[in-house]
file target17.csv (CSV, C-alpha atoms and all ligand atoms)
chain,number,residue,atom,x,y,z
I,1,MET,CA,15.9,-7.0,-16.6
I,2,ILE,CA,18.4,-9.5,-15.0
I,3,LEU,CA,16.9,-12.4,-13.1
I,4,PRO,CA,19.5,-14.1,-10.9
I,5,LYS,CA,19.5,-17.8,-10.2
I,6,SER,CA,19.4,-17.2,-6.4
I,7,SER,CA,17.3,-14.8,-4.5
I,8,ARG,CA,19.7,-11.9,-5.0
I,9,LEU,CA,23.2,-11.2,-6.5
I,10,THR,CA,26.2,-11.1,-4.2
I,11,PRO,CA,28.1,-7.8,-4.0
I,12,ASP,CA,30.9,-9.2,-6.2
I,13,GLN,CA,28.3,-10.3,-8.8
I,14,VAL,CA,26.6,-6.9,-8.7
I,15,ALA,CA,30.0,-5.3,-9.3
I,16,GLU,CA,30.7,-7.6,-12.3
I,17,VAL,CA,27.2,-6.9,-13.8
I,18,THR,CA,27.6,-3.2,-13.2
I,19,ALA,CA,30.9,-3.1,-15.0
I,20,ILE,CA,29.5,-5.0,-18.0
I,21,VAL,CA,26.4,-2.7,-18.4
I,22,GLY,CA,28.5,0.3,-17.7
I,23,GLU,CA,30.6,-0.4,-20.9
I,24,PHE,CA,27.4,0.1,-22.8
I,25,GLY,CA,26.3,3.3,-21.0
I,26,CYS,CA,23.8,1.5,-18.8
I,27,GLN,CA,23.3,1.1,-15.0
I,28,ILE,CA,21.5,-1.5,-12.9
I,29,GLN,CA,18.8,-0.8,-10.4
I,30,PRO,CA,17.9,-3.5,-7.9
I,31,ILE,CA,14.1,-4.0,-7.4
I,32,VAL,CA,13.4,-5.9,-4.2
I,33,GLY,CA,10.4,-8.1,-4.8
I,34,ALA,CA,8.7,-10.5,-2.3
I,35,VAL,CA,10.5,-13.6,-3.6
I,36,ARG,CA,13.7,-12.3,-5.1
I,37,THR,CA,15.6,-9.2,-6.1
I,38,ILE,CA,15.7,-8.5,-9.8
I,39,TYR,CA,17.9,-6.0,-11.5
I,40,ALA,CA,16.5,-3.5,-14.1
I,41,ILE,CA,18.9,-2.4,-16.7
I,42,VAL,CA,18.5,1.4,-16.8
I,43,GLY,CA,19.5,2.8,-20.2
I,44,ASP,CA,19.2,1.4,-23.7
I,45,GLU,CA,19.3,-2.3,-23.1
I,46,ARG,CA,19.0,-3.3,-26.8
I,47,GLU,CA,22.8,-3.9,-27.3
I,48,GLU,CA,23.0,-7.5,-28.4
I,49,LEU,CA,26.6,-7.9,-27.2
I,50,MET,CA,25.8,-6.7,-23.7
I,51,ILE,CA,22.8,-9.1,-23.4
I,52,ASN,CA,25.0,-12.0,-24.6
I,53,ARG,CA,27.6,-11.3,-22.0
I,54,LEU,CA,25.1,-11.0,-19.2
I,55,GLU,CA,23.4,-14.3,-20.4
I,56,GLY,CA,26.8,-16.0,-20.2
I,57,LEU,CA,27.3,-15.3,-16.5
I,58,PRO,CA,26.9,-18.5,-14.5
I,59,TYR,CA,24.7,-16.9,-11.8
I,60,VAL,CA,22.2,-15.3,-14.2
I,61,GLU,CA,19.0,-17.3,-14.9
I,62,ARG,CA,17.8,-15.2,-17.8
I,63,ILE,CA,17.5,-11.7,-19.2
I,64,ASP,CA,13.9,-10.6,-19.7
I,65,ARG,CA,13.5,-8.2,-22.5
I,66,ILE,CA,10.1,-6.8,-22.2
I,67,GLN,CA,9.3,-4.5,-25.1
I,68,SER,CA,7.1,-2.2,-23.1
I,69,PRO,CA,7.2,1.5,-22.2
I,70,PHE,CA,6.9,0.3,-18.6
I,71,LYS,CA,9.0,-2.8,-18.2
I,72,LEU,CA,8.7,-3.0,-14.4
I,73,MET,CA,5.0,-2.3,-14.1
I,74,ASP,CA,4.1,-4.4,-17.1
I,75,ARG,CA,1.9,-7.5,-16.5
I,76,ARG,CA,4.5,-9.6,-18.1
I,77,SER,CA,7.3,-8.3,-15.8
I,78,ASP,CA,8.8,-10.6,-13.2
I,79,LEU,CA,7.4,-8.2,-10.7
I,80,ALA,CA,3.9,-9.5,-11.5
I,81,SER,CA,4.1,-11.8,-8.5
I,82,HIS,CA,4.9,-8.8,-6.2
I,83,ARG,CA,2.3,-8.2,-3.5
I,84,ILE,CA,1.7,-5.0,-1.6
I,85,THR,CA,0.7,-5.4,2.0
I,86,ILE,CA,-0.4,-2.5,4.2
I,87,GLY,CA,-2.5,-2.2,7.3
I,88,GLY,CA,-2.9,-6.0,7.5
I,89,VAL,CA,-4.3,-6.3,4.0
I,90,THR,CA,-2.6,-7.8,1.0
I,91,LEU,CA,-3.9,-6.0,-2.1
I,92,GLY,CA,-5.7,-8.5,-4.3
I,93,GLU,CA,-6.5,-10.9,-1.4
I,94,GLU,CA,-9.1,-8.8,0.3
I,95,LEU,CA,-10.8,-5.6,-0.6
I,96,ALA,CA,-8.5,-2.8,0.7
I,97,ILE,CA,-10.1,0.3,2.2
I,98,ILE,CA,-8.4,3.7,2.6
I,99,ALA,CA,-10.7,6.2,4.2
I,100,GLY,CA,-10.6,9.4,6.2
I,101,GLN,CA,-10.9,13.1,5.9
I,102,CYS,CA,-10.1,15.1,2.7
I,103,THR,CA,-8.4,17.6,4.9
I,104,ILE,CA,-7.2,17.7,8.5
I,105,ASP,CA,-8.4,20.8,10.3
I,106,PRO,CA,-5.5,21.9,12.5
I,107,LYS,CA,-7.9,24.0,14.6
I,108,ASN,CA,-10.1,21.1,15.3
I,109,PRO,CA,-7.9,18.0,15.8
I,110,GLY,CA,-10.7,16.2,17.6
I,111,PHE,CA,-12.7,15.7,14.4
I,112,PHE,CA,-9.8,13.9,12.8
I,113,LEU,CA,-9.2,11.7,15.8
I,114,GLU,CA,-12.9,10.8,15.9
I,115,THR,CA,-13.0,10.2,12.2
I,116,ALA,CA,-9.9,7.9,12.5
I,117,ALA,CA,-11.7,5.8,15.2
I,118,ALA,CA,-14.8,5.6,12.9
I,119,VAL,CA,-12.7,4.5,10.0
I,120,LYS,CA,-11.2,1.7,12.1
I,121,ASP,CA,-14.6,0.6,13.3
I,122,ALA,CA,-15.9,0.6,9.8
I,123,GLY,CA,-13.2,-1.9,8.8
I,124,GLY,CA,-10.7,0.5,7.1
I,125,HIS,CA,-7.1,-0.6,6.6
I,126,VAL,CA,-5.5,2.8,6.0
I,127,LEU,CA,-6.4,6.2,7.3
I,128,ARG,CA,-6.3,9.1,4.9
I,129,GLY,CA,-5.9,12.7,6.0
I,130,GLY,CA,-4.8,15.7,3.9
I,131,VAL,CA,-2.0,17.8,5.5
I,132,TRP,CA,-1.1,19.9,2.5
I,133,LYS,CA,-3.9,20.6,-0.1
I,134,PRO,CA,-3.6,21.4,-3.8
I,135,ARG,CA,-6.2,24.3,-4.1
I,136,THR,CA,-7.4,26.0,-7.2
I,137,ASN,CA,-7.7,29.3,-5.3
I,138,PRO,CA,-4.3,30.5,-4.1
I,139,TYR,CA,-6.0,32.2,-1.2
I,140,ALA,CA,-7.9,29.1,0.0
I,141,PHE,CA,-6.6,27.1,2.9
I,142,GLN,CA,-3.4,25.3,1.6
I,143,GLY,CA,-3.0,22.9,4.5
I,144,ASP,CA,-0.7,23.1,7.5
I,145,ALA,CA,2.4,21.1,8.3
I,146,LYS,CA,1.3,21.0,11.9
I,147,SER,CA,-1.5,18.6,10.9
I,148,ILE,CA,1.2,15.9,10.4
I,149,ASP,CA,1.2,15.6,14.2
I,150,ILE,CA,-2.5,15.1,14.3
I,151,LEU,CA,-2.2,12.5,11.5
I,152,MET,CA,0.4,10.5,13.4
I,153,GLU,CA,-1.4,10.8,16.7
I,154,ALA,CA,-4.5,9.3,15.0
I,155,SER,CA,-2.2,6.5,13.6
I,156,ARG,CA,-0.9,5.7,17.1
I,157,ARG,CA,-4.3,5.7,18.6
I,158,THR,CA,-5.9,3.4,16.0
I,159,GLY,CA,-2.9,1.4,14.9
I,160,LEU,CA,-3.8,2.2,11.3
I,161,PRO,CA,-1.1,3.2,8.8
I,162,VAL,CA,-1.7,6.7,7.2
I,163,ASN,CA,-1.8,8.3,3.8
I,164,THR,CA,-1.3,11.9,2.9
I,165,GLU,CA,-0.7,13.8,-0.3
I,166,VAL,CA,2.7,15.4,-0.9
I,167,MET,CA,3.4,18.0,-3.6
I,168,ASP,CA,7.1,18.8,-3.3
I,169,GLU,CA,10.4,17.4,-1.9
I,170,HIS,CA,10.1,19.3,1.4
I,171,GLN,CA,6.7,17.8,2.1
I,172,VAL,CA,8.0,14.3,1.1
I,173,ARG,CA,10.8,14.7,3.7
I,174,ILE,CA,8.5,15.9,6.5
I,175,ALA,CA,6.0,13.1,5.8
I,176,LEU,CA,8.6,10.3,5.7
I,177,ASP,CA,10.4,11.6,8.7
I,178,ALA,CA,7.1,11.7,10.6
I,179,GLY,CA,6.5,8.0,9.6
I,180,VAL,CA,3.7,8.4,7.1
I,181,HIS,CA,3.2,4.9,5.5
I,182,MET,CA,1.6,5.8,2.2
I,183,LEU,CA,2.4,8.9,0.1
I,184,GLN,CA,-0.3,10.2,-2.3
I,185,VAL,CA,0.5,11.8,-5.6
I,186,GLY,CA,-2.6,13.9,-6.5
I,187,ALA,CA,-4.3,14.2,-9.8
I,188,ARG,CA,-2.7,17.6,-10.4
I,189,ASN,CA,0.8,16.2,-9.9
I,190,ALA,CA,0.2,12.8,-11.5
I,191,LEU,CA,2.4,13.8,-14.5
I,192,ASN,CA,4.9,15.9,-12.5
I,193,TYR,CA,7.9,13.7,-13.5
I,194,SER,CA,10.3,15.6,-11.3
I,195,LEU,CA,8.1,15.0,-8.3
I,196,LEU,CA,7.6,11.3,-9.3
I,197,ARG,CA,11.4,10.9,-9.4
I,198,THR,CA,11.8,12.7,-6.1
I,199,ILE,CA,9.3,10.3,-4.5
I,200,GLY,CA,10.9,7.3,-6.2
I,201,ARG,CA,14.3,8.2,-4.7
I,202,ALA,CA,12.8,9.0,-1.3
I,203,VAL,CA,11.0,5.6,-0.9
I,204,ALA,CA,13.5,3.5,-2.7
I,205,LYS,CA,14.8,1.5,0.2
I,206,SER,CA,11.7,1.4,2.3
I,207,ASP,CA,8.3,-0.3,2.5
I,208,THR,CA,6.5,3.0,1.9
I,209,VAL,CA,3.5,2.6,-0.5
I,210,VAL,CA,2.7,5.2,-3.1
I,211,LEU,CA,-0.9,5.9,-4.1
I,212,LEU,CA,-0.7,7.4,-7.6
I,213,LYS,CA,-3.9,9.2,-8.8
I,214,ARG,CA,-4.8,9.3,-12.4
I,215,SER,CA,-4.1,12.6,-14.1
I,216,LEU,CA,-7.0,15.1,-14.6
I,217,HIS,CA,-7.5,15.0,-18.3
I,218,MET,CA,-8.4,11.5,-19.5
I,219,GLY,CA,-4.9,10.3,-19.1
I,220,SER,CA,-4.4,7.1,-21.1
I,221,PRO,CA,-3.7,3.8,-19.4
I,222,ASN,CA,-0.2,3.8,-20.9
I,223,GLU,CA,0.5,7.4,-19.6
I,224,PHE,CA,-0.9,6.4,-16.2
I,225,ILE,CA,1.3,3.2,-15.9
I,226,SER,CA,4.4,5.0,-17.2
I,227,ALA,CA,4.0,7.5,-14.4
I,228,ALA,CA,4.1,4.6,-11.9
I,229,GLU,CA,7.2,3.3,-13.7
I,230,TYR,CA,9.0,6.6,-12.9
I,231,ILE,CA,8.7,5.7,-9.2
I,232,ALA,CA,9.4,2.0,-9.6
I,233,ALA,CA,12.5,2.6,-11.6
I,234,PHE,CA,14.2,3.7,-8.3
I,235,GLY,CA,13.6,0.4,-6.7
I,236,ASN,CA,10.4,0.4,-4.7
I,237,PRO,CA,7.5,-1.3,-6.6
I,238,ASN,CA,4.9,-0.6,-3.9
I,239,ILE,CA,2.7,1.5,-6.2
I,240,ILE,CA,-1.1,1.5,-6.3
I,241,LEU,CA,-3.0,3.1,-9.2
I,242,CYS,CA,-5.9,5.3,-8.3
I,243,PRO,CA,-8.5,6.3,-10.9
I,244,ARG,CA,-10.4,9.3,-9.4
I,245,GLY,CA,-12.5,10.6,-12.3
I,246,THR,CA,-11.3,12.8,-15.2
I,247,ALA,CA,-12.2,16.0,-17.0
I,248,PRO,CA,-14.4,17.0,-18.7
I,249,ALA,CA,-17.0,16.2,-16.0
I,250,ILE,CA,-20.4,14.9,-16.5
I,251,ASP,CA,-22.7,17.8,-15.8
I,252,GLY,CA,-23.7,17.4,-12.1
I,253,TYR,CA,-20.7,15.3,-11.2
I,254,ARG,CA,-17.3,16.7,-10.1
I,255,ASN,CA,-15.6,14.7,-12.8
I,256,HIS,CA,-16.3,11.9,-15.3
I,257,PRO,CA,-16.4,8.7,-13.3
I,258,ASP,CA,-13.6,6.4,-14.6
I,259,GLU,CA,-13.8,3.2,-12.5
I,260,SER,CA,-14.4,1.5,-15.9
I,261,ILE,CA,-10.7,1.9,-16.7
I,262,THR,CA,-9.9,-0.8,-14.2
I,263,PRO,CA,-10.0,-3.8,-16.5
I,264,LEU,CA,-8.0,-2.0,-19.1
I,265,LEU,CA,-5.3,-1.2,-16.5
I,266,LYS,CA,-5.3,-4.7,-15.3
I,267,GLU,CA,-4.7,-6.1,-18.8
I,268,LYS,CA,-1.5,-4.0,-19.0
I,269,THR,CA,-0.1,-3.9,-15.5
I,270,TRP,CA,0.1,-6.0,-12.3
I,271,ALA,CA,-0.2,-2.9,-10.2
I,272,PRO,CA,-3.3,-3.0,-7.8
I,273,VAL,CA,-6.1,-0.5,-8.6
I,274,VAL,CA,-7.8,1.3,-5.8
I,275,VAL,CA,-10.6,3.6,-7.0
I,276,ASP,CA,-11.4,6.9,-5.4
I,277,PRO,CA,-15.2,7.4,-5.9
I,278,SER,CA,-15.2,10.6,-3.7
I,279,HIS,CA,-13.4,12.9,-6.2
I,280,SER,CA,-14.9,11.1,-9.1
I,281,VAL,CA,-18.5,12.1,-8.4
I,282,GLY,CA,-17.9,14.7,-5.8
I,283,LYS,CA,-21.1,14.5,-3.8
I,284,ALA,CA,-21.7,12.3,-0.8
I,285,SER,CA,-25.0,10.9,-2.0
I,286,TYR,CA,-23.4,9.6,-5.2
I,287,VAL,CA,-20.3,8.1,-3.7
I,288,PRO,CA,-21.7,4.7,-2.5
I,289,ALA,CA,-23.0,3.7,-6.0
I,290,CYS,CA,-19.7,4.8,-7.6
I,291,ALA,CA,-17.8,2.7,-5.0
I,292,LEU,CA,-19.8,-0.4,-5.7
I,293,ALA,CA,-19.4,0.0,-9.4
I,294,ALA,CA,-15.6,0.3,-9.0
I,295,VAL,CA,-15.6,-3.1,-7.2
I,296,ALA,CA,-17.8,-4.6,-9.9
I,297,TYR,CA,-15.2,-3.4,-12.4
I,298,GLY,CA,-12.5,-5.3,-10.5
I,299,ALA,CA,-10.9,-2.7,-8.2
I,300,ASP,CA,-8.7,-4.1,-5.5
I,301,GLY,CA,-9.8,-1.4,-3.1
I,302,LEU,CA,-11.5,2.0,-2.5
I,303,CYS,CA,-10.2,5.3,-1.3
I,304,ILE,CA,-13.1,7.1,0.3
I,305,GLU,CA,-13.4,10.5,2.0
I,306,ALA,CA,-15.3,10.3,5.4
I,307,HIS,CA,-15.8,12.6,8.3
I,308,VAL,CA,-17.7,12.2,11.6
I,309,SER,CA,-19.5,15.5,10.9
I,310,PRO,CA,-19.1,16.4,7.3
I,311,SER,CA,-20.8,19.8,7.6
I,312,GLN,CA,-18.2,20.9,10.1
I,313,GLY,CA,-15.3,19.7,7.9
I,314,ILE,CA,-13.0,21.8,5.6
I,315,GLY,CA,-11.7,21.2,2.1
I,316,ASP,CA,-13.9,18.7,0.2
I,317,ASP,CA,-15.5,17.2,3.4
I,318,PRO,CA,-18.7,19.2,3.6
I,319,LYS,CA,-19.7,18.1,0.1
I,320,GLN,CA,-18.4,14.7,-0.4
I,321,ALA,CA,-17.4,13.0,2.9
I,322,LEU,CA,-19.5,10.0,4.0
I,323,THR,CA,-20.7,9.8,7.5
I,324,PRO,CA,-19.4,6.8,9.5
I,325,SER,CA,-22.6,4.9,9.2
I,326,VAL,CA,-22.8,5.3,5.4
I,327,LEU,CA,-19.1,4.5,5.1
I,328,ALA,CA,-19.6,1.2,7.1
I,329,GLU,CA,-22.6,0.3,5.0
I,330,THR,CA,-20.8,1.1,1.7
I,331,ILE,CA,-17.8,-1.1,2.8
I,332,ALA,CA,-20.1,-4.0,3.8
I,333,GLN,CA,-21.9,-3.8,0.4
I,334,ALA,CA,-18.6,-3.4,-1.5
I,335,ARG,CA,-17.3,-6.6,0.2
I,336,GLN,CA,-20.3,-8.5,-1.0
I,337,ILE,CA,-19.6,-7.5,-4.6
I,338,TRP,CA,-16.0,-8.4,-4.1
I,339,SER,CA,-16.9,-11.9,-2.9
I,340,LEU,CA,-19.4,-12.3,-5.7
I,341,ARG,CA,-16.8,-11.4,-8.3
I,342,ARG,CA,-14.3,-13.7,-6.7
I,343,SER,CA,-16.6,-16.7,-6.7
I,344,ALA,CA,-17.8,-15.9,-10.2
I,345,ILE,CA,-14.5,-15.4,-11.8
I,346,GLY,CA,-12.2,-17.5,-9.6
I,347,GLY,CA,-8.5,-17.2,-9.5
I,348,PRO,CA,-6.5,-14.6,-7.7
I,349,GLY,CA,-8.5,-11.5,-6.9
I,350,HIS,CA,-5.3,-9.5,-7.6
I,351,ILE,CA,-5.8,-10.1,-11.3
I,352,GLY,CA,-9.5,-9.4,-11.2
I,353,ILE,CA,-10.2,-10.0,-14.9
I,354,ALA,CA,-11.8,-12.9,-16.5
I,355,ARG,CA,-9.3,-15.0,-18.5
I,356,PRO,CA,-10.4,-16.4,-21.8
E,401,LIG,C1,-7.6,14.4,-2.3
E,401,LIG,O1,-7.4,13.2,-2.3
E,401,LIG,O2,-8.1,15.1,-1.4
E,401,LIG,C2,-7.3,15.1,-3.6
E,401,LIG,C3,-7.0,16.4,-3.7
E,401,LIG,O3,-7.3,14.3,-4.6
E,401,LIG,P1,-7.1,14.5,-6.2
E,401,LIG,O4,-5.7,14.8,-6.4
E,401,LIG,O5,-7.6,13.2,-6.8
E,401,LIG,O6,-8.0,15.7,-6.6
E,402,MN,MN,-10.4,15.8,-1.3
call {"tool": "encode", "arguments": {"input": "target17.csv", "output": "structure tokens"}}
result
Amino acid sequence: MILPKSSRLTPDQVAEVTAIVGEFGCQIQPIVGAVRTIYAIVGDEREELMINRLEGLPYVERIDRIQSPFKLMDRRSDLASHRITIGGVTLGEELAIIAGQCTIDPKNPGFFLETAAAVKDAGGHVLRGGVWKPRTNPYAFQGDAKSIDILMEASRRTGLPVNTEVMDEHQVRIALDAGVHMLQVGARNALNYSLLRTIGRAVAKSDTVVLLKRSLHMGSPNEFISAAEYIAAFGNPNIILCPRGTAPAIDGYRNHPDESITPLLKEKTWAPVVVDPSHSVGKASYVPACALAAVAYGADGLCIEAHVSPSQGIGDDPKQALTPSVLAETIAQARQIWSLRRSAIGGPGHIGIARP
């Protein structure tokens, strides 16, 4: 990783650096951080001669050689000072809330518009709404591209940025063209490296945020963070990790709740962690406790399914969506735990782990 002395390299300097790394079969990838742009060396950067030549350039402050499978997402990376801001909240500074329906019902847009208003009233920062749905049963409702209009209408009415899951390049294009602010990679696609690359490329020169779910089968922290690195490697580090329960499930829960992975993740990566308690436990009555536990474990935010009338919803909403009043109460209690942790541990909430 090349750290320039100034906030970014000039075009001439980029050309010189590109030529040097090119001689060793590498390329550079600019990563635009909040304070300065750094340049990842893509390829095998172990060549001593290449590093020496780069270090000798008068405009290079230093070369960071992080021996990590995820050099950009690593806690020791220069990107550790990067902050992600969306919907008026900077992750790590305040508990971030993403909430809304599992699935937008294109036949009943009114529900989603009402849910959106309720999410805003409850203090949500980002509105979630599934347009395309990954379904186990191929004959079940797969979502409908027309729902993107309902999603964006809700965004206009509430002023909230919106999140939706994308599963292929076509959906990525439609979502970004419509103005979706946060793309979700679902648990089933969390290790679909081709999709991760597609998303990385598509969001590279934008402020779009990616919410990356943890894969279904007890994916290790390293595997999880490496998946984020696939996206970051194209230049946009706005990636949030989202544990959402793993398989095998605890009998009675939808999955095995995994909010306890949060401190482990935070020891390895600077990426914010937003826990999804809804898919973790899979039943509305269990969701509030799981949400509070997640904040106690150091989560920077929560992603919660909510619906104005869960029993009239589709997808996961009848079983796991919170009503607006329970959502508001859960958020209020979660904020108390957040404040408690902050005052007990001190330091930036972004880090969220006790330092020895
Ligand atoms: C969802 O968020 O509605 C969803 C399908 O999530 P996951 O990929 O975690 O199952
Ligand atoms: Mn869902």
call {"tool": "closest_atom_pairs", "arguments": {"input": "target17.csv", "of": "chain I", "to": "ligand LIG 401 (chain E)", "cutoff": "8 Å", "atoms": "only C-alpha atoms and all ligand atoms", "output": "tab-separated table"}}
result
residue	atom	partner	partner_atom	distance
I:Cys102	CA	E:LIG401	O2	4.6
I:Thr103	CA	E:LIG401	O2	6.8
I:Gly130	CA	E:LIG401	O2	6.3
I:Lys133	CA	E:LIG401	C3	6.3
I:Pro134	CA	E:LIG401	C3	6.0
I:Arg135	CA	E:LIG401	C3	8.0
I:Glu165	CA	E:LIG401	O1	7.0
I:Gln184	CA	E:LIG401	O1	7.7
I:Val185	CA	E:LIG401	O4	6.9
I:Gly186	CA	E:LIG401	O4	3.2
I:Ala187	CA	E:LIG401	O4	3.7
I:Arg188	CA	E:LIG401	O4	5.7
I:Asn189	CA	E:LIG401	O4	7.5
I:Lys213	CA	E:LIG401	O5	5.8
I:Arg214	CA	E:LIG401	O5	7.4
I:Arg244	CA	E:LIG401	O5	5.5
I:Gly245	CA	E:LIG401	O5	7.8
I:Asp276	CA	E:LIG401	O5	7.5
I:His279	CA	E:LIG401	O5	5.8
I:Ser280	CA	E:LIG401	O5	7.9
I:Glu305	CA	E:LIG401	O2	7.8
I:Gly315	CA	E:LIG401	O2	7.9
I:Asp316	CA	E:LIG401	O2	7.0
call {"tool": "closest_residue", "arguments": {"input": "target17.csv", "among": "I:Leu196, I:Ala99, I:Ala328, I:Val210", "to": "ligand MN 402 (chain E)", "atoms": "only C-alpha atoms and all ligand atoms"}}
result
I:Ala99
call {"tool": "atom_distance", "arguments": {"input": "target17.csv", "atom1": "atom CA of Gly33 of chain I", "atom2": "atom CA of Asp300 of chain I"}}
result
19.5 Å
call {"tool": "closest_residue", "arguments": {"input": "target17.csv", "among": "I:Met218, I:Ala80, I:Ile98, I:Ala116", "to": "Met182 of chain I", "atoms": "only C-alpha atoms"}}
result
I:Ile98
call {"tool": "atom_distance", "arguments": {"input": "target17.csv", "atom1": "atom CA of Ser6 of chain I", "atom2": "atom CA of Asp64 of chain I"}}
result
15.8 Å
call {"tool": "residues_around", "arguments": {"input": "target17.csv", "residues": "Arg75 of chain I", "least_positions_apart": "4", "cutoff": "9 Å", "atoms": "all atoms listed in the file", "output": "PyMOL selection string"}}
result
chain I and resi 71+79-80+266-271
call {"tool": "write_last_selection", "arguments": {"input": "target17.csv", "atoms": "C-alpha atoms", "output": "PDB file, in the coordinates of the input"}}
result
ATOM      1  CA  LYS I  71       9.000  -2.800 -18.200  1.00  0.00           C
ATOM      2  CA  LEU I  79       7.400  -8.200 -10.700  1.00  0.00           C
ATOM      3  CA  ALA I  80       3.900  -9.500 -11.500  1.00  0.00           C
ATOM      4  CA  LYS I 266      -5.300  -4.700 -15.300  1.00  0.00           C
ATOM      5  CA  GLU I 267      -4.700  -6.100 -18.800  1.00  0.00           C
ATOM      6  CA  LYS I 268      -1.500  -4.000 -19.000  1.00  0.00           C
ATOM      7  CA  THR I 269      -0.100  -3.900 -15.500  1.00  0.00           C
ATOM      8  CA  TRP I 270       0.100  -6.000 -12.300  1.00  0.00           C
ATOM      9  CA  ALA I 271      -0.200  -2.900 -10.200  1.00  0.00           C
TER      10      ALA I 271
END
call {"tool": "atom_distance", "arguments": {"input": "target17.csv", "atom1": "atom CA of Leu3 of chain I", "atom2": "atom CA of Val42 of chain I"}}
result
14.4 Å
call {"tool": "closest_residue", "arguments": {"input": "target17.csv", "among": "I:Ile104, I:Ala19, I:Ile148, I:Ala294", "to": "ligand MN 402 (chain E)", "atoms": "all atoms listed in the file"}}
result
I:Ile104
call {"tool": "residues_around", "arguments": {"input": "target17.csv", "residues": "Pro243 of chain I", "least_positions_apart": "3", "cutoff": "12 Å", "atoms": "all atoms listed in the file", "output": "number ranges by chain"}}
result
I: 185-187, 190, 211-221, 224-225, 240, 246, 255-265, 272-281, 290-291, 294, 297, 299-303
call {"tool": "residues_around", "arguments": {"input": "target17.csv", "residues": "Leu292 of chain I", "least_positions_apart": "4", "cutoff": "8 Å", "atoms": "only C-alpha atoms", "output": "list in words"}}
result
Pro288, Ala296, Thr330, Gln333, Ala334 and Ile337 of chain I
call {"tool": "closest_residue", "arguments": {"input": "target17.csv", "among": "I:Glu23, I:Glu16, I:Asp121, I:Glu45", "to": "Pro58 of chain I", "atoms": "all atoms listed in the file"}}
result
I:Glu16
call {"tool": "residues_around", "arguments": {"input": "target17.csv", "residues": "Asp144 of chain I", "least_positions_apart": "5", "cutoff": "8 Å", "atoms": "all atoms listed in the file", "output": "ChimeraX atom specification"}}
result
/I:106,131-132
call {"tool": "residues_near_point", "arguments": {"input": "target17.csv", "point": "(-7.2, -9.4, 11.2)", "cutoff": "10 Å", "atoms": "only C-alpha atoms", "output": "PyMOL selection string"}}
result
chain I and resi 87-89+123+125
call {"tool": "residues_around", "arguments": {"input": "target17.csv", "residues": "Pro324 of chain I", "least_positions_apart": "2", "cutoff": "12 Å", "atoms": "only C-alpha atoms", "output": "NGL selection string"}}
result
:I and (99-101 or 114-124 or 284 or 304-310 or 321-322 or 326-331)
call {"tool": "closest_residue", "arguments": {"input": "target17.csv", "among": "I:Ala154, I:Gly235, I:Phe70, I:Ile38", "to": "Glu223 of chain I", "atoms": "all atoms listed in the file"}}
result
I:Phe70
call {"tool": "closest_residue", "arguments": {"input": "target17.csv", "among": "I:Gln336, I:Gln13, I:Ser7, I:Gln29", "to": "Asn236 of chain I", "atoms": "all atoms listed in the file"}}
result
I:Gln29
call {"tool": "decode", "arguments": {"input": "target17.csv", "residues": "segment 187-212 of chain I", "atoms": "C-alpha atoms", "output": "compact mmCIF listing (two decimals), in the first residue's frame"}}
result
# COMPACT_ATOMS: atom_id res chain seq x y z
CA ALA I 187 -26.09 -14.60 3.18
CA ARG I 188 -26.58 -16.93 0.22
CA ASN I 189 -24.33 -14.80 -1.98
CA ALA I 190 -21.87 -13.73 0.68
CA LEU I 191 -19.12 -15.87 -0.88
CA ASN I 192 -20.15 -15.36 -4.51
CA TYR I 193 -16.82 -13.83 -5.49
CA SER I 194 -17.95 -13.00 -8.97
CA LEU I 195 -20.89 -10.97 -7.57
CA LEU I 196 -18.61 -9.33 -5.00
CA ARG I 197 -16.29 -8.23 -7.83
CA THR I 198 -19.24 -6.98 -9.87
CA ILE I 199 -20.44 -4.91 -6.94
CA GLY I 200 -16.92 -3.66 -6.18
CA ARG I 201 -16.57 -2.45 -9.77
CA ALA I 202 -20.05 -0.91 -9.84
CA VAL I 203 -19.66 1.12 -6.63
CA ALA I 204 -15.97 1.97 -7.09
CA LYS I 205 -16.30 5.67 -7.80
CA SER I 206 -19.31 6.43 -5.63
CA ASP I 207 -20.46 6.89 -2.05
CA THR I 208 -22.65 3.79 -2.24
CA VAL I 209 -22.44 1.66 0.89
CA VAL I 210 -22.44 -2.14 0.81
CA LEU I 211 -24.02 -4.18 3.60
CA LEU I 212 -22.31 -7.57 3.44
